[in-house]
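**Student:** Got structure.cif for you, mmCIF, C-alpha atoms:
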```cif
data_work
#
loop_
_atom_site.label_atom_id
_atom_site.label_comp_id
_atom_site.auth_asym_id
_atom_site.auth_seq_id
_atom_site.Cartn_x
_atom_site.Cartn_y
_atom_site.Cartn_z
CA MET W 1 -7.13 21.34 12.49
CA LYS W 2 -5.92 21.15 16.10
CA SER W 3 -6.35 17.88 18.00
CA LYS W 4 -8.33 17.79 21.24
CA LYS W 5 -5.05 17.32 23.13
CA SER W 6 -3.46 20.45 21.64
CA GLN W 7 -6.66 22.42 22.25
CA THR W 8 -6.54 21.32 25.91
CA LEU W 9 -2.90 22.40 26.22
CA LEU W 10 -3.70 25.77 24.63
CA LYS W 11 -6.53 26.30 27.09
CA GLU W 12 -4.28 25.28 29.97
CA ASP W 13 -1.69 27.86 28.93
CA ASN W 14 -4.26 30.64 29.29
CA THR W 15 -5.44 29.60 32.75
CA LYS W 16 -5.21 32.37 35.35
CA ARG W 17 -4.01 31.12 38.71
CA LYS W 18 -3.66 32.28 42.30
CA PHE W 19 -0.06 32.81 43.43
CA LEU W 20 1.01 33.26 47.05
CA VAL W 21 4.51 34.76 47.30
CA VAL W 22 6.19 34.29 50.69
CA SER W 23 9.19 36.60 50.94
CA ARG W 24 11.90 37.00 53.57
CA TRP W 25 12.94 40.58 52.76
CA GLY W 26 10.61 41.64 49.93
CA GLU W 27 13.26 40.83 47.30
CA SER W 28 10.81 39.10 44.96
CA LEU W 29 8.51 42.07 44.36
CA ASP W 30 9.49 42.22 40.69
CA ILE W 31 8.48 38.58 40.21
CA ALA W 32 5.17 39.03 42.05
CA TYR W 33 4.41 42.20 40.08
CA ALA W 34 5.26 40.58 36.73
CA ILE W 35 3.01 37.60 37.47
CA SER W 36 0.14 39.92 38.42
CA MET W 37 0.62 41.94 35.22
CA GLU W 38 0.12 38.69 33.28
CA GLY W 39 -3.41 38.50 34.70
CA HIS W 40 -2.88 36.10 37.58
CA THR W 41 -4.02 36.91 41.12
CA VAL W 42 -1.07 37.47 43.44
CA LYS W 43 -0.86 37.88 47.19
CA MET W 44 2.48 38.71 48.83
CA TYR W 45 3.68 38.26 52.39
CA ILE W 46 6.93 39.77 53.72
CA GLU W 47 8.42 38.35 56.91
CA ASP W 48 10.89 41.14 57.81
CA LYS W 49 8.99 43.90 59.63
CA PRO W 50 11.02 46.91 58.38
CA SER W 51 10.48 45.63 54.82
CA ARG W 52 6.73 45.16 54.97
CA GLU W 53 5.88 48.40 53.14
CA ILE W 54 7.62 47.00 50.07
CA GLY W 55 5.11 46.16 47.36
CA TYR W 56 2.18 48.28 48.53
CA GLY W 57 0.37 49.53 45.45
CA PHE W 58 2.05 46.94 43.23
CA VAL W 59 0.47 43.71 44.51
CA GLN W 60 -2.01 42.69 47.19
CA LYS W 61 -0.22 42.32 50.55
CA VAL W 62 -1.21 39.93 53.34
CA LYS W 63 -0.21 39.93 57.01
CA ASP W 64 -0.40 36.16 57.58
CA TRP W 65 0.35 33.95 54.59
CA GLN W 66 -0.79 30.78 56.35
CA LYS W 67 -4.37 32.02 56.32
CA HIS W 68 -4.25 31.86 52.50
CA ILE W 69 -2.94 28.31 52.07
CA GLU W 70 -6.25 26.92 50.86
CA TRP W 71 -6.73 29.91 48.54
CA ALA W 72 -3.45 29.53 46.65
CA ASP W 73 -2.89 27.42 43.53
CA ILE W 74 0.88 27.84 43.66
CA PHE W 75 3.37 29.00 46.31
CA ILE W 76 6.65 30.83 45.72
CA PHE W 77 9.14 31.00 48.59
CA ASP W 78 11.96 33.38 47.72
CA TYR W 79 14.64 32.58 50.30
CA THR W 80 16.38 29.84 52.24
CA GLY W 81 15.00 28.81 55.63
CA TYR W 82 11.57 27.80 54.36
CA GLY W 83 12.63 24.30 53.27
CA LYS W 84 10.67 22.38 55.91
CA VAL W 85 7.50 24.34 55.18
CA CYS W 86 7.91 23.86 51.43
CA SER W 87 8.30 20.10 51.85
CA GLU W 88 5.22 19.91 54.09
CA LEU W 89 3.15 21.83 51.53
CA ARG W 90 4.34 19.56 48.71
CA ALA W 91 3.48 16.50 50.82
CA ALA W 92 -0.02 17.95 51.17
CA GLY W 93 -0.33 18.10 47.38
CA LYS W 94 0.44 21.80 46.89
CA LEU W 95 2.46 23.22 43.99
CA VAL W 96 5.54 24.95 45.42
CA ILE W 97 8.58 26.79 44.07
CA GLY W 98 11.07 26.71 46.94
CA GLY W 99 13.71 24.78 48.82
CA THR W 100 13.94 21.77 51.07
CA GLU W 101 15.77 21.32 54.37
CA TYR W 102 18.59 19.71 52.40
CA THR W 103 18.98 22.55 49.88
CA ASP W 104 18.69 25.14 52.66
CA LYS W 105 21.60 23.45 54.40
CA LEU W 106 23.63 23.37 51.18
CA GLU W 107 23.60 27.18 51.15
CA LEU W 108 23.54 28.10 54.83
CA ASP W 109 26.08 25.59 56.17
CA ARG W 110 29.28 26.07 54.15
CA ASN W 111 30.93 22.99 55.67
CA PHE W 112 27.95 20.82 54.74
CA GLY W 113 27.95 22.25 51.21
CA GLN W 114 31.65 21.46 50.79
CA ASP W 115 31.17 17.96 52.20
CA GLU W 116 28.32 17.31 49.77
CA LEU W 117 30.47 18.46 46.86
CA LYS W 118 33.14 15.95 47.90
CA ARG W 119 30.50 13.23 48.35
CA HIS W 120 29.40 13.85 44.77
CA LYS W 121 33.03 13.43 43.58
CA ILE W 122 33.54 17.13 42.87
CA LYS W 123 36.92 18.74 43.52
CA VAL W 124 36.88 21.50 46.17
CA LEU W 125 39.38 24.03 47.44
CA PRO W 126 41.07 23.34 50.79
CA PHE W 127 39.35 25.08 53.70
CA LYS W 128 39.40 25.09 57.48
CA GLU W 129 36.73 26.13 59.98
CA PHE W 130 37.56 28.36 62.95
CA PHE W 131 35.71 29.50 66.07
CA SER W 132 38.49 31.81 67.29
CA PHE W 133 40.18 34.73 65.55
CA GLN W 134 43.48 34.05 67.30
CA GLU W 135 43.38 30.42 66.23
CA ALA W 136 42.89 31.53 62.62
CA ILE W 137 45.68 34.11 62.88
CA ASP W 138 48.07 31.48 64.22
CA TYR W 139 47.08 29.15 61.39
CA VAL W 140 47.81 31.74 58.68
CA LYS W 141 51.17 32.54 60.28
CA SER W 142 52.16 28.87 60.25
CA HIS W 143 50.63 28.22 56.78
CA PRO W 144 51.31 31.44 54.80
CA ASN W 145 49.15 31.72 51.70
CA ALA W 146 46.40 33.83 50.14
CA TYR W 147 43.03 33.11 51.82
CA VAL W 148 39.38 34.09 51.71
CA ILE W 149 37.54 34.80 54.99
CA LYS W 150 34.01 33.39 54.77
CA PRO W 151 31.60 34.06 57.67
CA MET W 152 29.14 31.27 58.44
CA GLY W 153 25.70 31.07 60.04
CA GLU W 154 23.83 34.33 60.62
CA THR W 155 26.95 36.45 60.05
CA SER W 156 27.11 35.19 56.45
CA GLU W 157 24.23 37.57 55.65
CA TYR W 158 26.67 40.48 56.10
CA LYS W 159 28.29 40.26 52.67
CA GLN W 160 30.72 43.08 53.47
CA LEU W 161 32.45 40.78 55.98
CA LEU W 162 33.56 38.33 53.30
CA PHE W 163 37.18 39.23 52.60
CA VAL W 164 39.27 38.05 49.64
CA GLY W 165 42.94 38.27 50.46
CA SER W 166 45.55 39.15 47.84
CA ASP W 167 48.81 38.81 49.77
CA ASP W 168 50.58 35.49 49.13
CA GLU W 169 51.80 35.45 52.75
CA GLY W 170 48.32 36.09 54.16
CA LEU W 171 49.36 39.34 55.87
CA ASP W 172 46.24 41.20 54.72
CA VAL W 173 44.03 38.39 56.07
CA ILE W 174 45.79 38.58 59.45
CA ARG W 175 45.15 42.35 59.63
CA VAL W 176 41.45 41.89 58.80
CA LEU W 177 41.06 39.07 61.35
CA LYS W 178 42.56 41.32 64.04
CA ALA W 179 40.16 44.12 63.06
CA TYR W 180 37.16 41.74 63.18
CA GLU W 181 38.25 40.52 66.61
CA LYS W 182 38.26 44.09 67.96
CA SER W 183 34.95 45.09 66.39
CA TRP W 184 32.98 41.83 66.73
CA GLY W 185 34.55 39.90 69.59
CA ASP W 186 32.68 36.70 70.37
CA ASP W 187 29.58 37.78 68.40
CA PHE W 188 31.14 36.93 65.01
CA GLY W 189 30.54 33.19 65.25
CA ASN W 190 32.38 30.54 63.27
CA PHE W 191 33.98 31.18 59.89
CA GLN W 192 36.03 29.51 57.19
CA LEU W 193 39.44 30.26 55.75
CA GLN W 194 39.51 28.96 52.20
CA LYS W 195 42.60 28.85 50.06
CA LYS W 196 42.35 31.43 47.30
CA VAL W 197 42.91 30.51 43.67
CA LYS W 198 43.17 32.87 40.72
CA GLY W 199 40.84 32.55 37.78
CA VAL W 200 37.42 33.59 36.49
CA GLU W 201 34.49 33.73 38.92
CA VAL W 202 31.40 32.34 37.23
CA SER W 203 28.21 30.59 38.29
CA ALA W 204 26.14 27.91 36.59
CA SER W 205 22.46 27.54 37.45
CA ALA W 206 19.22 25.94 36.32
CA PHE W 207 15.60 25.47 37.23
CA PHE W 208 14.65 22.04 38.61
CA ASN W 209 11.14 20.57 38.26
CA GLY W 210 11.47 17.86 40.92
CA LYS W 211 12.52 15.28 38.33
CA GLU W 212 15.32 16.85 36.29
CA PHE W 213 17.11 20.05 35.37
CA LEU W 214 15.40 22.13 32.72
CA GLU W 215 17.29 23.55 29.76
CA PRO W 216 18.73 25.95 28.92
CA ILE W 217 21.42 26.40 31.57
CA ASN W 218 22.18 29.91 32.83
CA ILE W 219 25.76 31.19 33.09
CA THR W 220 26.19 34.30 35.26
CA PHE W 221 29.08 36.66 36.02
CA GLU W 222 28.54 38.59 39.26
CA HIS W 223 29.90 42.03 40.18
CA LYS W 224 30.02 42.13 43.98
CA LYS W 225 32.07 45.21 44.86
CA LEU W 226 30.44 48.61 45.35
CA PHE W 227 32.56 50.53 42.82
CA PRO W 228 33.66 49.89 39.22
CA LYS W 229 36.78 47.80 38.62
CA GLU W 230 35.98 45.74 41.74
CA LEU W 231 36.83 48.47 44.24
CA GLY W 232 35.23 49.14 47.61
CA VAL W 233 33.28 46.94 49.99
CA SER W 234 31.65 43.67 49.00
CA THR W 235 27.91 44.32 48.70
CA GLY W 236 26.64 40.87 47.91
CA GLU W 237 25.89 42.15 44.43
CA MET W 238 25.80 45.33 42.34
CA GLY W 239 24.82 43.66 39.08
CA SER W 240 25.44 40.73 36.77
CA SER W 241 25.88 39.74 33.16
CA MET W 242 24.68 36.40 31.81
CA PHE W 243 23.67 34.20 28.93
CA TRP W 244 21.61 31.03 28.43
CA THR W 245 23.14 27.94 26.85
CA LYS W 246 22.16 24.37 26.02
CA ASP W 247 25.54 22.97 27.07
CA SER W 248 27.94 24.01 29.83
CA PRO W 249 31.08 22.10 30.89
CA ILE W 250 30.93 23.98 34.22
CA PHE W 251 27.36 22.84 34.87
CA GLU W 252 28.11 19.24 33.86
CA ALA W 253 31.11 19.11 36.22
CA THR W 254 29.14 20.45 39.19
CA LEU W 255 25.35 20.75 39.48
CA ARG W 256 24.57 17.94 37.05
CA LYS W 257 26.08 15.49 39.55
CA PHE W 258 23.43 16.54 42.09
CA GLU W 259 20.47 15.68 39.85
CA ALA W 260 19.65 12.30 41.46
CA THR W 261 20.07 13.78 44.96
CA LEU W 262 17.70 16.67 44.18
CA VAL W 263 15.12 14.19 42.86
CA LYS W 264 15.41 12.20 46.09
CA GLN W 265 15.03 15.40 48.13
CA LYS W 266 11.98 16.46 46.04
CA PHE W 267 13.47 19.88 45.32
CA VAL W 268 11.55 22.22 43.01
CA GLY W 269 12.99 25.62 42.20
CA HIS W 270 16.21 27.29 41.13
CA ILE W 271 19.73 26.34 42.20
CA ASP W 272 23.06 28.01 41.44
CA ILE W 273 26.68 27.11 42.13
CA ASN W 274 29.37 29.79 42.16
CA CYS W 275 32.83 28.69 41.01
CA ILE W 276 36.36 29.83 40.36
CA VAL W 277 37.66 28.28 37.15
CA ASN W 278 41.08 28.30 35.54
CA GLY W 279 43.28 26.16 33.33
CA ASN W 280 43.70 23.61 36.12
CA GLY W 281 40.03 22.97 36.81
CA ILE W 282 36.66 24.03 38.18
CA TYR W 283 36.47 24.86 41.89
CA PRO W 284 32.95 25.28 43.37
CA LEU W 285 32.71 27.91 46.10
CA GLU W 286 29.11 28.02 47.32
CA PHE W 287 25.49 27.17 46.55
CA THR W 288 22.52 29.51 46.16
CA SER W 289 19.58 27.12 46.41
CA ARG W 290 16.87 29.72 45.72
CA PHE W 291 16.44 32.70 43.42
CA GLY W 292 19.58 34.79 43.15
CA TYR W 293 19.26 38.55 43.49
CA PRO W 294 19.49 40.25 41.04
CA GLN W 295 20.03 37.09 38.98
CA ILE W 296 16.34 36.16 38.76
CA PHE W 297 15.35 39.60 37.42
CA ILE W 298 18.04 39.54 34.74
CA GLN W 299 17.00 36.00 33.88
CA ARG W 300 13.41 37.22 33.54
CA ALA W 301 14.61 39.86 31.08
CA GLY W 302 15.90 37.04 28.90
CA ILE W 303 12.90 34.69 29.30
CA THR W 304 10.36 35.17 26.52
CA GLU W 305 7.49 33.08 27.89
CA PRO W 306 5.11 34.33 30.62
CA ILE W 307 6.89 33.94 33.94
CA GLY W 308 3.77 32.88 35.85
CA GLN W 309 3.03 30.08 33.41
CA MET W 310 6.70 29.04 33.51
CA PHE W 311 6.64 28.74 37.30
CA TYR W 312 3.42 26.72 37.12
CA LYS W 313 5.00 24.27 34.68
CA ILE W 314 8.09 23.92 36.89
CA ALA W 315 6.06 23.43 40.08
CA SER W 316 3.80 20.83 38.44
CA GLY W 317 6.79 18.80 37.24
CA GLN W 318 6.42 19.37 33.51
CA LYS W 319 9.34 18.77 31.17
CA PHE W 320 9.89 21.61 28.73
CA LYS W 321 12.55 23.91 27.32
CA ILE W 322 12.42 27.42 28.74
CA GLN W 323 11.97 29.94 25.95
CA VAL W 324 14.79 32.50 26.12
CA LYS W 325 16.44 35.21 24.07
CA LYS W 326 19.68 34.59 22.24
CA GLY W 327 22.70 36.63 23.22
CA PHE W 328 23.34 38.38 26.52
CA GLN W 329 21.51 39.99 29.42
CA VAL W 330 22.95 42.53 31.87
CA GLY W 331 21.51 44.24 34.93
CA ALA W 332 22.64 46.86 37.43
CA PHE W 333 21.25 47.78 40.83
CA LEU W 334 20.40 51.46 41.35
CA VAL W 335 20.92 52.15 45.05
CA VAL W 336 20.74 55.05 47.52
CA PRO W 337 22.19 55.71 51.01
CA PRO W 338 22.95 53.87 53.26
CA PHE W 339 23.50 50.91 50.90
CA PRO W 340 25.31 48.55 51.43
CA TYR W 341 25.06 49.30 55.16
CA GLU W 342 22.11 49.43 57.53
CA ASP W 343 21.61 52.84 59.11
CA LYS W 344 18.03 53.82 59.84
CA LYS W 345 18.82 57.49 60.46
CA THR W 346 20.73 57.86 57.18
CA PHE W 347 18.01 56.06 55.23
CA GLU W 348 15.25 58.26 56.66
CA LEU W 349 17.30 61.42 56.09
CA PHE W 350 18.41 60.79 52.50
CA SER W 351 16.28 58.10 50.92
CA LYS W 352 12.96 57.19 52.54
CA ASP W 353 9.97 58.01 50.32
CA SER W 354 12.21 59.44 47.58
CA VAL W 355 10.33 59.52 44.28
CA ILE W 356 11.62 57.73 41.19
CA VAL W 357 11.11 59.99 38.18
CA PHE W 358 11.02 58.76 34.58
CA LYS W 359 11.90 61.33 31.91
CA LYS W 360 9.96 59.37 29.30
CA ASP W 361 6.94 57.22 30.12
CA SER W 362 8.71 53.90 29.64
CA LYS W 363 9.47 51.31 32.29
CA GLU W 364 10.63 48.48 30.04
CA GLY W 365 13.60 46.70 31.57
CA VAL W 366 13.02 48.47 34.90
CA HIS W 367 12.47 46.06 37.80
CA PRO W 368 11.04 47.45 41.08
CA MET W 369 12.97 46.45 44.19
CA HIS W 370 12.30 48.03 47.59
CA LEU W 371 9.47 50.28 46.47
CA LYS W 372 5.85 51.16 47.09
CA ASN W 373 3.40 52.60 44.57
CA ILE W 374 1.44 55.67 45.68
CA ASN W 375 -0.91 57.18 43.07
CA GLU W 376 1.20 55.62 40.29
CA GLU W 377 4.40 57.18 41.67
CA TRP W 378 7.19 54.79 42.69
CA LEU W 379 8.63 55.63 46.14
CA ILE W 380 11.63 54.08 47.89
CA THR W 381 10.78 52.20 51.09
CA GLY W 382 12.16 49.39 53.26
CA ASN W 383 15.50 50.20 54.90
CA THR W 384 18.35 49.00 52.65
CA GLY W 385 18.39 51.56 49.85
CA ILE W 386 17.96 49.17 46.89
CA ALA W 387 15.68 51.07 44.53
CA LEU W 388 15.70 49.41 41.12
CA LEU W 389 17.31 46.77 38.95
CA VAL W 390 17.67 47.92 35.33
CA THR W 391 18.33 45.39 32.57
CA GLY W 392 19.42 45.31 28.96
CA THR W 393 19.39 42.47 26.42
CA ALA W 394 21.02 42.06 22.99
CA LEU W 395 22.91 39.66 20.76
CA THR W 396 26.22 41.17 21.90
CA MET W 397 27.38 42.16 25.38
CA ARG W 398 28.18 45.69 24.24
CA ASP W 399 24.69 46.24 22.83
CA ALA W 400 23.08 44.81 25.97
CA GLN W 401 25.16 47.25 28.03
CA LYS W 402 24.09 50.16 25.80
CA MET W 403 20.41 49.26 26.20
CA MET W 404 20.81 49.11 29.97
CA GLN W 405 22.62 52.45 30.09
CA ASN W 406 19.96 54.10 27.90
CA ARG W 407 17.26 52.88 30.28
CA ILE W 408 19.20 54.10 33.31
CA SER W 409 19.60 57.54 31.70
CA ASN W 410 15.80 57.80 31.59
CA ILE W 411 15.60 57.59 35.40
CA ILE W 412 16.05 60.34 37.99
CA ILE W 413 16.63 59.32 41.62
CA ASN W 414 18.08 61.71 44.17
CA ASN W 415 21.44 60.52 45.62
CA VAL W 416 21.50 57.42 43.37
CA TYR W 417 24.66 55.46 42.63
CA TYR W 418 25.39 52.36 40.57
CA ARG W 419 28.15 50.58 38.71
CA THR W 420 28.80 51.63 35.12
CA ASP W 421 30.95 48.63 34.18
CA ILE W 422 28.55 45.69 34.53
CA GLY W 423 29.45 43.31 31.69
CA ASP W 424 32.92 44.73 30.98
CA ARG W 425 34.55 41.61 32.44
CA TRP W 426 33.12 39.51 29.62
CA LEU W 427 35.69 40.69 27.07
CA GLU W 428 38.58 39.24 29.08
CA ASP W 429 36.76 36.43 30.86
CA SER W 430 35.37 34.95 27.65
CA ASP W 431 38.83 34.66 26.09
CA LYS W 432 40.06 32.76 29.16
CA LEU W 433 37.02 30.49 29.28
CA TRP W 434 37.34 29.66 25.59
CA SER W 435 41.03 28.85 25.97
CA TRP W 436 40.26 26.55 28.92
CA GLY W 437 37.49 24.77 27.01
CA LEU W 438 34.78 25.93 29.43
CA LEU W 439 32.41 27.66 27.02
#
```
Can you dump the structure from the file as structure tokens?
**Tutor:**
Amino acid sequence: MKSKKSQTLLKEDNTKRKFLVVSRWGESLDIAYAISMEGHTVKMYIEDKPSREIGYGFVQKVKDWQKHIEWADIFIFDYTGYGKVCSELRAAGKLVIGGTEYTDKLELDRNFGQDELKRHKIKVLPFKEFFSFQEAIDYVKSHPNAYVIKPMGETSEYKQLLFVGSDDEGLDVIRVLKAYEKSWGDDFGNFQLQKKVKGVEVSASAFFNGKEFLEPINITFEHKKLFPKELGVSTGEMGSSMFWTKDSPIFEATLRKFEATLVKQKFVGHIDINCIVNGNGIYPLEFTSRFGYPQIFIQRAGITEPIGQMFYKIASGQKFKIQVKKGFQVGAFLVVPPFPYEDKKTFELFSKDSVIVFKKDSKEGVHPMHLKNINEEWLITGNTGIALLVTGTALTMRDAQKMMQNRISNIIINNVYYRTDIGDRWLEDSDKLWSWGLL
């Protein structure tokens, strides 16, 4: 016989709530749609005007989210820049998944992020900030080495401008800096040169309930280049592979040290730290103090409990273990022209309102991105050309990849392109991580 307490908890688990999703670019459509499919009421606001068609037919859209503050039981803010608003809502007693001014600054201000890592006794790679291309060129000439060019401020949103040098004398970095100077001039803003180290790029992340990190920890391997085998321009992301784990030496050496600070800052949400690791150590590169894209969708593919209820528990400060699948999850973006660039004419000519066709009536593992739903047909909208994220899950990486590829083969999109090697890195990366004692 169940106790009254357990009966109350069971009833609480079935409660349907009102979610207000405030989105910068419409990236969180999949999350909003999944929550609505669980029976909750969802309203979604998109700030970016060219992206505001995203989500029509999937979830209820609103033009002014602030008019629905009293209506909502729980708020989800999907990007950095909303930290002050999130903190004000929390202070007013609202349940909020989102950042704070502190966590926004961790991601948006690279210098601040690096300084905070050092303040928390975490080893960082040498870097130097520049406001002039010529100054940076002179520096590389007098300090020859391999460097990474990292734009800061608003320019950091243009992921294709991040350049990872490979020449030990820095000659390739000098050429790129000269090209940026000609094409951008004074509009580029400040940027960092960070010393490059060789190793495995990996991120550790977790959900935070305002009091502590929740287990399990998520370990993600990103694939940022447009083409297989890391060729082409940097897109921000073309897909990821990942797994959940109870213990992570990478997490313990980095994010765990921020736990007390995040409590003090009253942060509630998801935070990720991207690192380069090798036999000499763990070197944090940058924070993502919000949902990662497509990380959150691939995470959702591996989470076995209702996502709406999970977010409620996180926002209300409950301590619990997130229920996840064993093994691996992979996901690949399916994109169309002009991705990864912005070109309105190209988008309207090749991609706008293109229909996504499914050979078989199955959408499992298919996550809508920049889409609208017209008479149960999924059409591409927005302006970036990101159509879908397709996931696969299994006990082995190979089987997860096969599931993802089978699901992709069921989809017809005119002019689509995507990477076919998401997850391949695991075979080599895992051997290195094991040998370094980091798994």
**Student:** Tell me, in Å to one decimal, how far atom CA of His223 of chain W is from atom CA of Met238 of chain W.
**Tutor:**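 These two atoms are separated by 5.7 Å.
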**Student:** What would the selection look like, as number ranges by chain, if the PyMOL selection byres ((chain W and resi 312-321) around 8) were run on the coordinates I just shared?
**Tutor:** W: 74, 95-97, 207-211, 214-216, 268-269, 308-311, 322-323
**Student:** May I have the residues at most 10 Å from (-4.4, 32.3, 32.4) in the file's coordinates, counting only C-alpha atoms, as an MDAnalysis selection string?
**Tutor:** chainID W and resid 11:18 38:41 306 308:309
**Student:** Which residues would end up in the selection if the PyMOL selection byres ((chain W and resi 33) around 12) were applied here, given that I need the answer as a PyMOL selection string?
**Tutor:** chain W and resi 19-21+26-32+34-44+54-61+297+307-308+366-369+371-373
**Student:** Would you compute, for all listed atoms of segment 238-256 of chain W, the axis-aligned bounding box grown by 8 Å on each side, and then report its centre and edge lengths in Å rounded to one decimal, as JSON?
**Tutor:**
```
{"center_x": 26.4, "center_y": 31.6, "center_z": 34.2, "size_x": 25.5, "size_y": 43.4, "size_z": 32.3}
```
**Student:** For the file shown, report as number ranges by chain the outcome of the PyMOL selection byres ((chain W and resi 170-185) around 9) at residue level.
**Tutor:** W: 132-134, 136-138, 140-141, 143-149, 161, 163-169, 186-189
**Student:** Separation of atom CA of Ile219 of chain W and atom CA of Val202 of chain W, in Å?
**Tutor:** 7.1 Å
**Student:** Which residue, W:Ser51, W:Gln192, W:Arg90, W:Ser23, has the smallest gap to Asp64 of chain W when you use all atoms listed in the file?
**Tutor:**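 Among the listed residues, W:Ser23 lies closest to Asp64 of chain W.
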**Student:** With only C-alpha atoms as the atoms that count, which of W:Ser435, W:Ser205, W:Ser248, W:Ser142 lies nearest to Ile296 of chain W?
**Tutor:** W:Ser205
**Student:** Counting all atoms listed in the file, what is within 7 Å of segment 108-123 of chain W, bar same-chain residues fewer than 5 positions away, as a PyMOL selection string?
**Tutor:** chain W and resi 152-153+254+257+283
**Student:** Determine the nearest neighbour of Gly279 of chain W from the options W:Ala91, W:Val22, W:Leu433, W:Val233, counting all atoms listed in the file.
**Tutor:**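 Among the listed residues, the smallest separation from Gly279 of chain W belongs to W:Leu433.
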**Student:** Restricting the calculation to all atoms listed in the file: of W:Thr391, W:Ser87, W:Thr381, W:Ser241, which residue gets closest to Tyr102 of chain W?
**Tutor:**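 Closest to Tyr102 of chain W of all the choices is W:Ser87.
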**Student:** Env of Leu226 of chain W: 10 Å cut, atoms = all atoms listed in the file, seq-sep filter 5 positions within chain, self excluded. Answer as a list of chain:residue names.
**Tutor:**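 Final neighbour list, sorted by chain and number: W:Gln160, W:Leu231, W:Gly232, W:Val233, W:Ser234, W:Thr235, W:Gly236, W:Glu237, W:Met238, W:Gly239, W:Phe339, W:Pro340, W:Tyr417, W:Tyr418, W:Arg419.
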**Student:** As an exercise, work out the distance from atom CA of Lys198 of chain W to atom CA of Val330 of chain W in Å and give it to one decimal place.
**Tutor:** 24.1 Å
**Student:** Using only C-alpha atoms, pick whichever of W:Ile298, W:Ile46, W:Val85, W:Cys275 has the shortest atom-to-atom distance to Ser240 of chain W.
**Tutor:**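 Nearest candidate to Ser240 of chain W out of W:Ile298, W:Ile46, W:Val85, W:Cys275: W:Ile298.
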